[in-house]
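*Asks:* Provided herewith is a single structure, encoded as structure tokens, for subsequent inquiry.
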Amino acid sequence: MTIYPERTCSIERLTLISLGCSAGFSLDEIGEMFTPEGPDINRTLLLAKAEELDSKIKELTSIRDGLRHASACKAQNHFDCPKFLRFLHVAGKNRVRQPNKLKENKFK
């Protein structure tokens, strides 16, 4: 089997672009990972994105748990359920837009 280096390189680039999009990197951020000499991936940027994803996973887990509780809650009205009200309170606090850590790090 013959391996075509330029094809493999293109496939790896496309895979990196796809992974970057899935992880939430902007196309500009992904574009900065490519240089004429090859990929140059900023490890600090990767760590910041990983931390951002951890935060998002925690938020989504909380939302999932709240939805599961609401679906099984025995209270006749959800607004009579203290656990549901706590869930709403926490969810409301999290709706305040957090600053984008990646953009902050870009200018430092």
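A note on labels: chains of the structure tokens are A, B, ... as shown, every chain counts residues from 1, and ligands are counted from 1 in their shown order.
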Please identify all polymer residues within 9 Å of Ile63 (chain A), counting only C-alpha atoms, omitting same-chain residues fewer than 4 positions from it, and present them as a CSV table (one decimal) with C-alpha atoms, in the first residue's frame.
*Replies:*
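Result file selection-v5.csv:
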```csv
chain,number,residue,atom,x,y,z
A,58,LYS,CA,-20.8,21.0,34.7
A,59,GLU,CA,-23.5,23.4,33.6
A,67,LEU,CA,-34.8,18.4,34.0
A,68,ARG,CA,-34.9,14.8,35.2
A,87,PHE,CA,-32.7,24.8,40.0
A,91,ALA,CA,-30.0,28.4,36.1
```
*Asks:* As a PyMOL selection string, please: the residues near region 32-41 of chain A (cut-off 12 Å, only C-alpha atoms, same-chain neighbours under 4 positions excluded).
*Replies:* chain A and resi 6+9-10+12-14+16-17+20+25-28+45-47+106
*Asks:* Go ahead and save the picked residues with C-alpha atoms, as an mmCIF file, in the first residue's frame.
*Replies:*
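See part-v1.cif below for the written result:
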```
data_model
loop_
_atom_site.group_PDB
_atom_site.id
_atom_site.type_symbol
_atom_site.label_atom_id
_atom_site.label_comp_id
_atom_site.auth_asym_id
_atom_site.auth_seq_id
_atom_site.Cartn_x
_atom_site.Cartn_y
_atom_site.Cartn_z
ATOM 1 C CA GLU A 6 0.314 15.273 0.953
ATOM 2 C CA CYS A 9 -1.405 15.839 5.622
ATOM 3 C CA SER A 10 -4.638 17.148 4.122
ATOM 4 C CA GLU A 12 -4.959 15.387 9.230
ATOM 5 C CA ARG A 13 -5.585 19.101 8.640
ATOM 6 C CA LEU A 14 -9.260 18.497 7.924
ATOM 7 C CA LEU A 16 -7.883 19.018 13.129
ATOM 8 C CA ILE A 17 -10.313 21.598 11.721
ATOM 9 C CA GLY A 20 -11.436 22.299 16.596
ATOM 10 C CA PHE A 25 -12.801 26.973 18.558
ATOM 11 C CA SER A 26 -13.632 29.742 16.098
ATOM 12 C CA LEU A 27 -12.410 29.403 12.517
ATOM 13 C CA ASP A 28 -9.984 32.254 13.202
ATOM 14 C CA LEU A 45 -5.188 27.992 24.168
ATOM 15 C CA LEU A 46 -5.912 24.239 24.355
ATOM 16 C CA LEU A 47 -5.862 24.323 28.147
ATOM 17 C CA LYS A 106 -5.317 36.222 23.043
#
```
*Asks:* Considering only C-alpha atoms, can you say which of A:Arg64, A:Lys83, A:Lys49, A:Lys93 comes closest to Ser22 (chain A)?
*Replies:* A:Lys49
*Asks:* Rank A:Ala23, A:Ala72, A:Cys81, A:Ile30 by their smallest atom-to-atom distance to Lys56 (chain A), using only C-alpha atoms, and report the top residue only.
*Replies:* A:Ala23
*Asks:* Please extract the residues of region 1-105 of chain A with a backbone DSSP assignment of alpha helix (DSSP H) and present them as a ChimeraX atom specification.
*Replies:* /A:5-23,27-31,43-72,82-94,101-105
*Asks:* Could you check which of A:Gly66, A:Gly31, A:Cys73, A:Leu19 is closest to Arg86 (chain A), using only C-alpha atoms?
*Replies:*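 The shortest atom-to-atom distance to Arg86 (chain A) comes from A:Gly66.
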*Asks:* How far is it from CA of Thr61 (chain A) to CA of Ala48 (chain A), in Å with one decimal?
*Replies:*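 About the pair CA of Thr61 (chain A) and CA of Ala48 (chain A): they are 20.0 Å apart.
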*Asks:* Would you mind reading off the distance between CA of Ser71 (chain A) and CA of His89 (chain A), one decimal, in Å?
*Replies:*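 Those two atoms sit 17.7 Å apart.
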*Asks:* Write out as a list in words the set of residues from region 8-98 of chain A that DSSP, computed on the backbone, places in strand (DSSP E).
*Replies:*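 The strand (DSSP E) residues within region 8-98 of chain A come out as Phe34, Thr35, Gly38 and Pro39 of chain A.
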*Asks:* Output the selection as a CSV table (one decimal), in the first residue's frame - C-alpha atoms for each residue.
*Replies:*
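File again.csv, as written:
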```csv
chain,number,residue,atom,x,y,z
A,34,PHE,CA,-1.7,26.4,10.7
A,35,THR,CA,1.6,27.9,9.5
A,38,GLY,CA,3.0,23.0,9.6
A,39,PRO,CA,0.6,22.9,12.5
```
